[in-house]
Amino acid sequence: MSAVKGDVGGVVGRGPRELAADPSLDVGRIRADFPVLRRTVAGGKRLVYLDNAATSQKPHQVLDAMDTVYREHNANIHRGVYEMSEVTTALFEGARGRVAAFINAPHSREVIFCRNATEGINLVAYAWGRDNVKRGDRLIVSILEHHSNFVPWQQLAAEAGAELVVIDIDEGGRLRRDQFEAEVAKGARLVAITHTSNGLGTVNPVKELTAIAKAAGATVLIDAAQAVPHTVVDVQDIGCDFLVFSGHKMLAPPGSGALWGRTEILERMRPFLYGGDMISRVAVDTTTWNELPWKFEAGTSAYVDAIGLGAAVDYLTAVGMERVHAHELELVAYVLPRLLEIPGIVVYGPHTLEARVGVISFGLEGIHPHDVATIFDREGVCVRAGHHCNQPLMTRLGCVATTRASFYLYNTIEECDVLLGAVAKAQRIFA
Amino acid sequence: MDDLYRDYILDHYKNPRNAGELPGATHRYHDTNPLCGDEITMMLKVNDASVVEDVRFIGRGCAISQASTSILTEEVKGRTLDELRVLDRDHVLGNLGIPISPARIKCALLGLKALKGSAWGLTAWPGEEEPGSR
Ligand SMILES: Cc1ncc(COP(=O)(O)O)c(C=O)c1O
């Protein structure tokens, strides 16, 4: 298989920024909300944090919301018949409502808090998959999947005697639509596809893919871990059955995340974890389950983290997700053509601004990505080097690892220049 | 000069010593560093007196792993297997002579692991998967 080196032609133009962000996204003001961005690294260099696809930094609004719970009214939720517990419970359930609104879920009971996207996917793989996937069924994923939307289905397929079908990408790093349609037409019990690739930044046409899959009778899960933090995501518009994401990639703490699912499907599913909170009544020999969403939230939830997620949603809503996305594309429009001009660079994935987010994966000839990241580190630039939990994709691209820079709403054009300078430095050292 | 990617490190990376296939190897050990995808195959030709007559390695990966392995192979010929078995990480890090961060320590020590594995007559590290099964 040939290496995927981006779209042929169609390189984004330089010059005036075609996609200038709405002036109301004031990066300076946003940066002031993020305490960690003030620190220096590598012996006094400014921190240039470009590893946002791995995790994001947190604004003080989120930190304060969580701090207030701990300092002022911490008590276990859904249990205490006293004021502090009631306040905390109300904040927790309020966060659920905010998350539901953020992804335009029809009902907040359809939002199940979980630790992260991975846990959400596993919940579906166990609680839905074990009862609904039978011998001979076909599970369709893509080569772009993060391991967390790949391994659970691979293992389920092996257990159930089902077939795992992996859709390939084209030379531009885009999902092969023709192959997808052909495979779905052969039958699919489940289509589990990433909304946005963490390795290449590609945005899949999830609405169309979902329509094709649903028309063929498949259940559809969308991994939106890289989408909800960076773009507008509307579960009703997409039309899928399940959608997952992680809080820590969207300004919220690790340990917060959500699975959204359609009521009809969630109601028919058995619980994932058994224990406290998820029951309605327990007798010695039988138990009846709590209603949605609590049926899937066994044990004490990470309720403070969920409240942090609610605050993050408020923050992002106030900025506006269209602006967040436009700002990130502005950075890509600046840095991508400059990267592409560098001799000895390979930029994996789309070379255009169309249907992508601010993730840029690249390789420098003769320099291992880990050496690149180490040199960057000493310039204060944090990037990810490795397989990004995308080993099937790396194999497809014909490499073992890439260096990945990923942007968020607080990154600046100046930081893009530091990144470009770090690339030049790596090439000088290894010249 | 860069304090990490010093000239001799880059030289060993670009022109690895004792690189390539070793015909007639008596010991052969393959290892990888799954995090980085670094790979080393270490080959020894050992005589009846357990003395290493020749050493070669085939590797790919980052500068730290490849240079560290190349430097290590320079002191293998003429040594007994017992002498190789007691080489330790401090020895390798001392040879490298550069500050290695915790994240890169596995890269720096992959060559040592491969050398010791081969000196013990292994094909893969005990308790780890056989090469190729990943
Ligand atoms: C596309 C995608 N899916 C799933 C995940 C898993 O997220 P988490 O580790 O928070 O469960 C990630 C994280 O990198 C991701 O990028």
# chains A, B, ... in the order shown; residues from 1 in each chain; ligands from 1

call {"tool": "closest_atom_pairs", "arguments": {"of": "chain B", "to": "chain A", "cutoff": "10 Å", "atoms": "only C-alpha atoms", "output": "JSON lines"}}
result
{"residue": "B:Met1", "atom": "CA", "partner": "A:Ile429", "partner_atom": "CA", "distance": 8.5}
{"residue": "B:Asp2", "atom": "CA", "partner": "A:Ile429", "partner_atom": "CA", "distance": 7.5}
{"residue": "B:Leu4", "atom": "CA", "partner": "A:Ile375", "partner_atom": "CA", "distance": 8.8}
{"residue": "B:Tyr5", "atom": "CA", "partner": "A:Ile429", "partner_atom": "CA", "distance": 7.2}
{"residue": "B:Arg6", "atom": "CA", "partner": "A:Ile429", "partner_atom": "CA", "distance": 8.8}
{"residue": "B:Asp7", "atom": "CA", "partner": "A:Ile429", "partner_atom": "CA", "distance": 9.1}
{"residue": "B:Leu10", "atom": "CA", "partner": "A:Phe430", "partner_atom": "CA", "distance": 7.1}
{"residue": "B:Asp11", "atom": "CA", "partner": "A:Phe430", "partner_atom": "CA", "distance": 9.8}
{"residue": "B:Tyr13", "atom": "CA", "partner": "A:Phe430", "partner_atom": "CA", "distance": 9.8}
{"residue": "B:Lys14", "atom": "CA", "partner": "A:Gly366", "partner_atom": "CA", "distance": 8.9}
{"residue": "B:Pro34", "atom": "CA", "partner": "A:His387", "partner_atom": "CA", "distance": 9.4}
{"residue": "B:Leu35", "atom": "CA", "partner": "A:Gly386", "partner_atom": "CA", "distance": 6.7}
{"residue": "B:Cys36", "atom": "CA", "partner": "A:Gly386", "partner_atom": "CA", "distance": 5.8}
{"residue": "B:Gly37", "atom": "CA", "partner": "A:Val400", "partner_atom": "CA", "distance": 5.7}
{"residue": "B:Asp38", "atom": "CA", "partner": "A:Val400", "partner_atom": "CA", "distance": 8.6}
{"residue": "B:Arg60", "atom": "CA", "partner": "A:His368", "partner_atom": "CA", "distance": 9.3}
{"residue": "B:Gly61", "atom": "CA", "partner": "A:His368", "partner_atom": "CA", "distance": 6.4}
{"residue": "B:Cys62", "atom": "CA", "partner": "A:His368", "partner_atom": "CA", "distance": 4.8}
{"residue": "B:Ala63", "atom": "CA", "partner": "A:Asp371", "partner_atom": "CA", "distance": 6.7}
{"residue": "B:Ile64", "atom": "CA", "partner": "A:Asp371", "partner_atom": "CA", "distance": 7.8}
{"residue": "B:Ser101", "atom": "CA", "partner": "A:Thr374", "partner_atom": "CA", "distance": 9.2}
{"residue": "B:Ala103", "atom": "CA", "partner": "A:Thr374", "partner_atom": "CA", "distance": 9.4}
{"residue": "B:Arg104", "atom": "CA", "partner": "A:His370", "partner_atom": "CA", "distance": 8.4}
{"residue": "B:Cys107", "atom": "CA", "partner": "A:His370", "partner_atom": "CA", "distance": 9.5}

call {"tool": "residues_near_ligand", "arguments": {"ligand": "ligand 1", "cutoff": "7 Å", "atoms": "only C-alpha atoms and all ligand atoms", "output": "number ranges by chain"}}
result
A: 53-54, 116-119, 145-146, 148-149, 194, 196-198, 223-226, 246, 248

call {"tool": "write_last_selection", "arguments": {"atoms": "all heavy atoms", "output": "CSV table (one decimal), in the first residue's frame"}}
result
chain,number,residue,atom,x,y,z
A,53,ALA,N,-5.0,17.4,21.1
A,53,ALA,CA,-5.8,16.2,20.7
A,53,ALA,C,-5.6,15.1,21.8
A,53,ALA,O,-6.4,14.3,22.0
A,53,ALA,CB,-5.4,15.7,19.4
A,54,ALA,N,-4.5,15.2,22.6
A,54,ALA,CA,-4.3,14.3,23.7
A,54,ALA,C,-5.1,14.7,24.9
A,54,ALA,O,-5.9,13.9,25.4
A,54,ALA,CB,-2.8,14.2,24.0
A,116,ASN,N,-14.9,8.5,30.3
A,116,ASN,CA,-14.3,9.0,29.0
A,116,ASN,C,-14.9,8.3,27.8
A,116,ASN,O,-15.8,7.5,28.0
A,116,ASN,CB,-12.7,8.7,29.0
A,116,ASN,CG,-12.4,7.3,29.5
A,116,ASN,OD1,-13.1,6.4,29.1
A,116,ASN,ND2,-11.3,7.2,30.2
A,117,ALA,N,-14.5,8.7,26.7
A,117,ALA,CA,-15.0,8.1,25.4
A,117,ALA,C,-14.8,6.6,25.4
A,117,ALA,O,-15.7,5.8,25.1
A,117,ALA,CB,-14.4,8.7,24.2
A,118,THR,N,-13.7,6.1,25.9
A,118,THR,CA,-13.4,4.7,25.9
A,118,THR,C,-14.4,3.9,26.7
A,118,THR,O,-14.9,2.9,26.3
A,118,THR,CB,-12.0,4.5,26.5
A,118,THR,OG1,-11.0,5.2,25.8
A,118,THR,CG2,-11.6,3.0,26.6
A,119,GLU,N,-14.7,4.5,27.9
A,119,GLU,CA,-15.7,3.8,28.8
A,119,GLU,C,-17.1,3.8,28.1
A,119,GLU,O,-17.8,2.8,28.2
A,119,GLU,CB,-15.8,4.4,30.1
A,119,GLU,CG,-16.6,3.6,31.1
A,119,GLU,CD,-16.5,4.1,32.5
A,119,GLU,OE1,-17.3,5.0,32.8
A,119,GLU,OE2,-15.6,3.7,33.3
A,145,GLU,N,-9.9,4.7,13.0
A,145,GLU,CA,-10.3,4.6,14.4
A,145,GLU,C,-9.2,4.7,15.4
A,145,GLU,O,-8.1,4.1,15.2
A,145,GLU,CB,-11.1,3.3,14.7
A,145,GLU,CG,-12.4,3.1,13.9
A,145,GLU,CD,-13.2,4.4,13.7
A,145,GLU,OE1,-13.5,5.0,14.7
A,145,GLU,OE2,-13.6,4.7,12.6
A,146,HIS,N,-9.4,5.4,16.5
A,146,HIS,CA,-8.6,5.3,17.7
A,146,HIS,C,-8.7,3.8,18.3
A,146,HIS,O,-9.8,3.2,18.1
A,146,HIS,CB,-9.1,6.3,18.7
A,146,HIS,CG,-8.3,6.5,20.0
A,146,HIS,ND1,-8.4,5.6,21.0
A,146,HIS,CD2,-7.5,7.5,20.3
A,146,HIS,CE1,-7.6,6.0,22.0
A,146,HIS,NE2,-7.0,7.2,21.6
A,148,SER,N,-9.6,2.9,20.9
A,148,SER,CA,-10.7,2.7,21.8
A,148,SER,C,-12.0,2.5,21.0
A,148,SER,O,-13.0,2.0,21.6
A,148,SER,CB,-10.8,3.9,22.8
A,148,SER,OG,-11.2,5.0,22.1
A,149,ASN,N,-12.0,2.8,19.7
A,149,ASN,CA,-13.2,2.5,18.9
A,149,ASN,C,-12.8,1.3,17.9
A,149,ASN,O,-13.5,1.2,16.9
A,149,ASN,CB,-13.7,3.7,18.2
A,149,ASN,CG,-15.1,3.5,17.6
A,149,ASN,OD1,-15.9,2.8,18.2
A,149,ASN,ND2,-15.4,4.1,16.5
A,194,THR,N,-15.4,7.0,13.6
A,194,THR,CA,-15.0,8.2,14.2
A,194,THR,C,-15.6,9.5,13.5
A,194,THR,O,-15.6,9.5,12.2
A,194,THR,CB,-13.5,8.3,14.4
A,194,THR,OG1,-13.1,9.3,15.3
A,194,THR,CG2,-12.8,8.6,13.0
A,196,THR,N,-14.2,12.5,13.8
A,196,THR,CA,-13.0,13.3,13.5
A,196,THR,C,-11.7,12.4,13.9
A,196,THR,O,-11.7,12.0,15.0
A,196,THR,CB,-13.0,14.6,14.2
A,196,THR,OG1,-14.2,15.3,13.8
A,196,THR,CG2,-11.8,15.4,13.9
A,197,SER,N,-10.8,12.3,12.9
A,197,SER,CA,-9.6,11.5,13.2
A,197,SER,C,-8.6,12.2,14.1
A,197,SER,O,-8.2,13.3,13.8
A,197,SER,CB,-9.0,11.1,11.9
A,197,SER,OG,-7.6,10.7,12.1
A,198,ASN,N,-8.2,11.5,15.2
A,198,ASN,CA,-7.2,12.1,16.1
A,198,ASN,C,-5.8,12.0,15.4
A,198,ASN,O,-4.9,12.7,15.8
A,198,ASN,CB,-7.2,11.4,17.4
A,198,ASN,CG,-6.9,9.9,17.3
A,198,ASN,OD1,-7.5,9.2,16.6
A,198,ASN,ND2,-5.8,9.5,18.0
A,223,ASP,N,-17.9,8.1,17.3
A,223,ASP,CA,-16.8,8.5,18.3
A,223,ASP,C,-16.5,9.9,18.0
A,223,ASP,O,-15.9,10.3,17.1
A,223,ASP,CB,-15.6,7.6,18.1
A,223,ASP,CG,-14.4,8.0,18.9
A,223,ASP,OD1,-14.6,9.0,19.7
A,223,ASP,OD2,-13.3,7.4,18.8
A,224,ALA,N,-17.1,10.8,18.9
A,224,ALA,CA,-16.9,12.2,18.7
A,224,ALA,C,-15.9,12.8,19.7
A,224,ALA,O,-16.0,14.0,20.0
A,224,ALA,CB,-18.3,12.9,18.9
A,225,ALA,N,-14.9,12.0,20.1
A,225,ALA,CA,-13.9,12.5,21.1
A,225,ALA,C,-13.1,13.7,20.5
A,225,ALA,O,-12.7,14.6,21.3
A,225,ALA,CB,-13.0,11.4,21.5
A,226,GLN,N,-12.9,13.7,19.2
A,226,GLN,CA,-12.2,14.9,18.6
A,226,GLN,C,-13.1,15.9,18.0
A,226,GLN,O,-12.6,16.8,17.4
A,226,GLN,CB,-11.1,14.4,17.6
A,226,GLN,CG,-10.1,13.5,18.2
A,226,GLN,CD,-9.1,14.2,19.1
A,226,GLN,OE1,-9.1,15.5,19.2
A,226,GLN,NE2,-8.4,13.5,19.9
A,246,SER,N,-15.1,12.6,25.4
A,246,SER,CA,-14.4,12.7,26.7
A,246,SER,C,-14.3,14.2,27.1
A,246,SER,O,-14.1,15.1,26.3
A,246,SER,CB,-12.9,12.3,26.5
A,246,SER,OG,-12.8,10.9,26.3
A,248,HIS,N,-12.0,15.6,29.1
A,248,HIS,CA,-10.7,16.2,29.3
A,248,HIS,C,-10.1,16.8,28.0
A,248,HIS,O,-9.2,17.6,28.1
A,248,HIS,CB,-9.7,15.1,29.8
A,248,HIS,CG,-9.4,14.0,28.9
A,248,HIS,ND1,-8.3,14.1,28.0
A,248,HIS,CD2,-10.0,12.8,28.6
A,248,HIS,CE1,-8.3,12.9,27.3
A,248,HIS,NE2,-9.3,12.2,27.6

call {"tool": "select_by_dssp", "arguments": {"residues": "stretch 175-311 of chain A", "states": "strand (DSSP E or B)", "output": "JSON, numbers by chain"}}
result
{"A": [175, 190, 191, 192, 193, 194, 196, 202, 203, 219, 220, 221, 222, 223, 242, 243, 244, 245, 246, 257, 258, 259, 260, 261, 279, 280, 281, 282, 287, 288, 289]}

call {"tool": "residues_around", "arguments": {"residues": "B:Ala108", "least_positions_apart": "4", "cutoff": "9 Å", "atoms": "only C-alpha atoms", "output": "JSON, numbers by chain"}}
result
{"B": [64, 65, 66, 67, 68, 69, 89, 92, 93, 96, 100, 104, 112]}

call {"tool": "atom_distance", "arguments": {"atom1": "atom CA of A:Phe296", "atom2": "atom CA of A:Cys114"}}
result
8.7 Å

call {"tool": "closest_residue", "arguments": {"among": "B:Thr41, B:Ser50, B:Asn95, B:Thr32", "to": "B:Ile71", "atoms": "only C-alpha atoms"}}
result
B:Asn95

call {"tool": "residues_around", "arguments": {"residues": "B:Arg28", "least_positions_apart": "4", "cutoff": "6 Å", "atoms": "only C-alpha atoms", "output": "PyMOL selection string"}}
result
chain B and resi 42-43+118

call {"tool": "residues_around", "arguments": {"residues": "stretch 120-127 of chain B", "least_positions_apart": "2", "cutoff": "10 Å", "atoms": "only C-alpha atoms", "output": "list in words"}}
result
Thr26, His27, Arg28, Tyr29, His30, Asp31, Thr32, Thr41, Met42, Leu44, Leu81, Asp82, Leu84, Arg85, Lys113, Ala114, Leu115, Lys116, Gly117, Ser118, Glu129, Glu130 and Pro131 of chain B

call {"tool": "residues_around", "arguments": {"residues": "A:Ala192", "least_positions_apart": "3", "cutoff": "8 Å", "atoms": "only C-alpha atoms", "output": "list of chain:residue names"}}
result
A:Leu139, A:Ile140, A:Val141, A:Ser142, A:Asn149, A:Val220, A:Leu221, A:Ile222, A:Asp223

call {"tool": "residues_around", "arguments": {"residues": "stretch 255-264 of chain A", "least_positions_apart": "6", "cutoff": "10 Å", "atoms": "only C-alpha atoms", "output": "count of residues only"}}
result
54

call {"tool": "atom_distance", "arguments": {"atom1": "atom CA of A:Asn204", "atom2": "atom CA of A:Glu341"}}
result
26.6 Å

call {"tool": "closest_residue", "arguments": {"among": "B:Pro99, B:Gly111, B:Gly94, B:Gly24", "to": "B:Val46", "atoms": "only C-alpha atoms"}}
result
B:Gly24

call {"tool": "atom_distance", "arguments": {"atom1": "atom CA of A:Gln179", "atom2": "atom CA of A:Ile193"}}
result
13.8 Å

call {"tool": "decode", "arguments": {"residues": "stretch 118-151 of chain A", "atoms": "N, CA and C atoms", "output": "PDB file, in the first residue's frame"}}
result
ATOM      1  N   THR A 118     -13.679   6.139  25.917  1.00  0.00           N
ATOM      2  CA  THR A 118     -13.367   4.707  25.934  1.00  0.00           C
ATOM      3  C   THR A 118     -14.395   3.936  26.748  1.00  0.00           C
ATOM      4  N   GLU A 119     -14.733   4.476  27.911  1.00  0.00           N
ATOM      5  CA  GLU A 119     -15.699   3.785  28.752  1.00  0.00           C
ATOM      6  C   GLU A 119     -17.078   3.779  28.092  1.00  0.00           C
ATOM      7  N   GLY A 120     -17.423   4.878  27.443  1.00  0.00           N
ATOM      8  CA  GLY A 120     -18.704   4.940  26.738  1.00  0.00           C
ATOM      9  C   GLY A 120     -18.801   3.866  25.659  1.00  0.00           C
ATOM     10  N   ILE A 121     -17.723   3.700  24.908  1.00  0.00           N
ATOM     11  CA  ILE A 121     -17.724   2.699  23.840  1.00  0.00           C
ATOM     12  C   ILE A 121     -17.806   1.293  24.435  1.00  0.00           C
ATOM     13  N   ASN A 122     -17.058   1.074  25.498  1.00  0.00           N
ATOM     14  CA  ASN A 122     -17.111  -0.245  26.137  1.00  0.00           C
ATOM     15  C   ASN A 122     -18.486  -0.538  26.722  1.00  0.00           C
ATOM     16  N   LEU A 123     -19.125   0.502  27.241  1.00  0.00           N
ATOM     17  CA  LEU A 123     -20.479   0.316  27.762  1.00  0.00           C
ATOM     18  C   LEU A 123     -21.375  -0.227  26.649  1.00  0.00           C
ATOM     19  N   VAL A 124     -21.269   0.376  25.480  1.00  0.00           N
ATOM     20  CA  VAL A 124     -22.101  -0.081  24.362  1.00  0.00           C
ATOM     21  C   VAL A 124     -21.674  -1.479  23.923  1.00  0.00           C
ATOM     22  N   ALA A 125     -20.374  -1.705  23.877  1.00  0.00           N
ATOM     23  CA  ALA A 125     -19.881  -3.010  23.423  1.00  0.00           C
ATOM     24  C   ALA A 125     -20.361  -4.130  24.351  1.00  0.00           C
ATOM     25  N   TYR A 126     -20.418  -3.849  25.634  1.00  0.00           N
ATOM     26  CA  TYR A 126     -20.886  -4.877  26.574  1.00  0.00           C
ATOM     27  C   TYR A 126     -22.403  -4.919  26.661  1.00  0.00           C
ATOM     28  N   ALA A 127     -23.004  -3.766  26.998  1.00  0.00           N
ATOM     29  CA  ALA A 127     -24.415  -3.775  27.347  1.00  0.00           C
ATOM     30  C   ALA A 127     -25.320  -3.915  26.122  1.00  0.00           C
ATOM     31  N   TRP A 128     -24.854  -3.413  24.976  1.00  0.00           N
ATOM     32  CA  TRP A 128     -25.634  -3.596  23.742  1.00  0.00           C
ATOM     33  C   TRP A 128     -25.062  -4.748  22.918  1.00  0.00           C
ATOM     34  N   GLY A 129     -23.726  -4.708  22.790  1.00  0.00           N
ATOM     35  CA  GLY A 129     -23.067  -5.654  21.891  1.00  0.00           C
ATOM     36  C   GLY A 129     -23.276  -7.106  22.246  1.00  0.00           C
ATOM     37  N   ARG A 130     -23.169  -7.428  23.550  1.00  0.00           N
ATOM     38  CA  ARG A 130     -23.254  -8.840  23.941  1.00  0.00           C
ATOM     39  C   ARG A 130     -24.630  -9.430  23.666  1.00  0.00           C
ATOM     40  N   ASP A 131     -25.663  -8.608  23.613  1.00  0.00           N
ATOM     41  CA  ASP A 131     -26.998  -9.138  23.364  1.00  0.00           C
ATOM     42  C   ASP A 131     -27.422  -9.012  21.906  1.00  0.00           C
ATOM     43  N   ASN A 132     -26.743  -8.162  21.165  1.00  0.00           N
ATOM     44  CA  ASN A 132     -27.253  -7.862  19.827  1.00  0.00           C
ATOM     45  C   ASN A 132     -26.364  -8.310  18.682  1.00  0.00           C
ATOM     46  N   VAL A 133     -25.135  -8.647  19.000  1.00  0.00           N
ATOM     47  CA  VAL A 133     -24.243  -9.072  17.919  1.00  0.00           C
ATOM     48  C   VAL A 133     -24.144 -10.592  17.939  1.00  0.00           C
ATOM     49  N   LYS A 134     -24.488 -11.192  16.827  1.00  0.00           N
ATOM     50  CA  LYS A 134     -24.548 -12.648  16.741  1.00  0.00           C
ATOM     51  C   LYS A 134     -23.548 -13.154  15.707  1.00  0.00           C
ATOM     52  N   ARG A 135     -23.340 -14.458  15.764  1.00  0.00           N
ATOM     53  CA  ARG A 135     -22.454 -15.115  14.797  1.00  0.00           C
ATOM     54  C   ARG A 135     -22.820 -14.699  13.378  1.00  0.00           C
ATOM     55  N   GLY A 136     -21.803 -14.344  12.616  1.00  0.00           N
ATOM     56  CA  GLY A 136     -22.037 -13.995  11.218  1.00  0.00           C
ATOM     57  C   GLY A 136     -22.387 -12.525  11.002  1.00  0.00           C
ATOM     58  N   ASP A 137     -22.699 -11.793  12.071  1.00  0.00           N
ATOM     59  CA  ASP A 137     -22.985 -10.360  11.902  1.00  0.00           C
ATOM     60  C   ASP A 137     -21.730  -9.624  11.449  1.00  0.00           C
ATOM     61  N   ARG A 138     -21.922  -8.467  10.852  1.00  0.00           N
ATOM     62  CA  ARG A 138     -20.781  -7.661  10.394  1.00  0.00           C
ATOM     63  C   ARG A 138     -20.728  -6.352  11.174  1.00  0.00           C
ATOM     64  N   LEU A 139     -19.555  -6.059  11.705  1.00  0.00           N
ATOM     65  CA  LEU A 139     -19.323  -4.809  12.428  1.00  0.00           C
ATOM     66  C   LEU A 139     -18.385  -3.967  11.571  1.00  0.00           C
ATOM     67  N   ILE A 140     -18.811  -2.756  11.258  1.00  0.00           N
ATOM     68  CA  ILE A 140     -18.009  -1.933  10.344  1.00  0.00           C
ATOM     69  C   ILE A 140     -17.351  -0.790  11.107  1.00  0.00           C
ATOM     70  N   VAL A 141     -16.041  -0.720  10.993  1.00  0.00           N
ATOM     71  CA  VAL A 141     -15.273   0.399  11.558  1.00  0.00           C
ATOM     72  C   VAL A 141     -14.401   0.951  10.433  1.00  0.00           C
ATOM     73  N   SER A 142     -13.553   1.923  10.739  1.00  0.00           N
ATOM     74  CA  SER A 142     -12.653   2.423   9.701  1.00  0.00           C
ATOM     75  C   SER A 142     -11.217   2.344  10.188  1.00  0.00           C
ATOM     76  N   ILE A 143     -10.312   2.467   9.252  1.00  0.00           N
ATOM     77  CA  ILE A 143      -8.890   2.421   9.558  1.00  0.00           C
ATOM     78  C   ILE A 143      -8.463   3.672  10.351  1.00  0.00           C
ATOM     79  N   LEU A 144      -9.348   4.673  10.391  1.00  0.00           N
ATOM     80  CA  LEU A 144      -9.027   5.903  11.124  1.00  0.00           C
ATOM     81  C   LEU A 144      -9.277   5.767  12.621  1.00  0.00           C
ATOM     82  N   GLU A 145      -9.900   4.667  13.033  1.00  0.00           N
ATOM     83  CA  GLU A 145     -10.324   4.595  14.445  1.00  0.00           C
ATOM     84  C   GLU A 145      -9.169   4.656  15.428  1.00  0.00           C
ATOM     85  N   HIS A 146      -9.414   5.351  16.509  1.00  0.00           N
ATOM     86  CA  HIS A 146      -8.588   5.273  17.708  1.00  0.00           C
ATOM     87  C   HIS A 146      -8.744   3.847  18.257  1.00  0.00           C
ATOM     88  N   HIS A 147      -7.727   3.333  18.908  1.00  0.00           N
ATOM     89  CA  HIS A 147      -7.829   1.965  19.451  1.00  0.00           C
ATOM     90  C   HIS A 147      -9.096   1.783  20.284  1.00  0.00           C
ATOM     91  N   SER A 148      -9.563   2.862  20.923  1.00  0.00           N
ATOM     92  CA  SER A 148     -10.718   2.705  21.802  1.00  0.00           C
ATOM     93  C   SER A 148     -12.012   2.483  21.018  1.00  0.00           C
ATOM     94  N   ASN A 149     -12.023   2.796  19.741  1.00  0.00           N
ATOM     95  CA  ASN A 149     -13.189   2.455  18.921  1.00  0.00           C
ATOM     96  C   ASN A 149     -12.833   1.344  17.931  1.00  0.00           C
ATOM     97  N   PHE A 150     -11.810   0.628  18.236  1.00  0.00           N
ATOM     98  CA  PHE A 150     -11.363  -0.459  17.362  1.00  0.00           C
ATOM     99  C   PHE A 150     -11.298  -1.767  18.144  1.00  0.00           C
ATOM    100  N   VAL A 151     -10.528  -1.735  19.222  1.00  0.00           N
ATOM    101  CA  VAL A 151     -10.298  -2.971  19.991  1.00  0.00           C
ATOM    102  C   VAL A 151     -11.594  -3.538  20.589  1.00  0.00           C
TER     103      VAL A 151
END
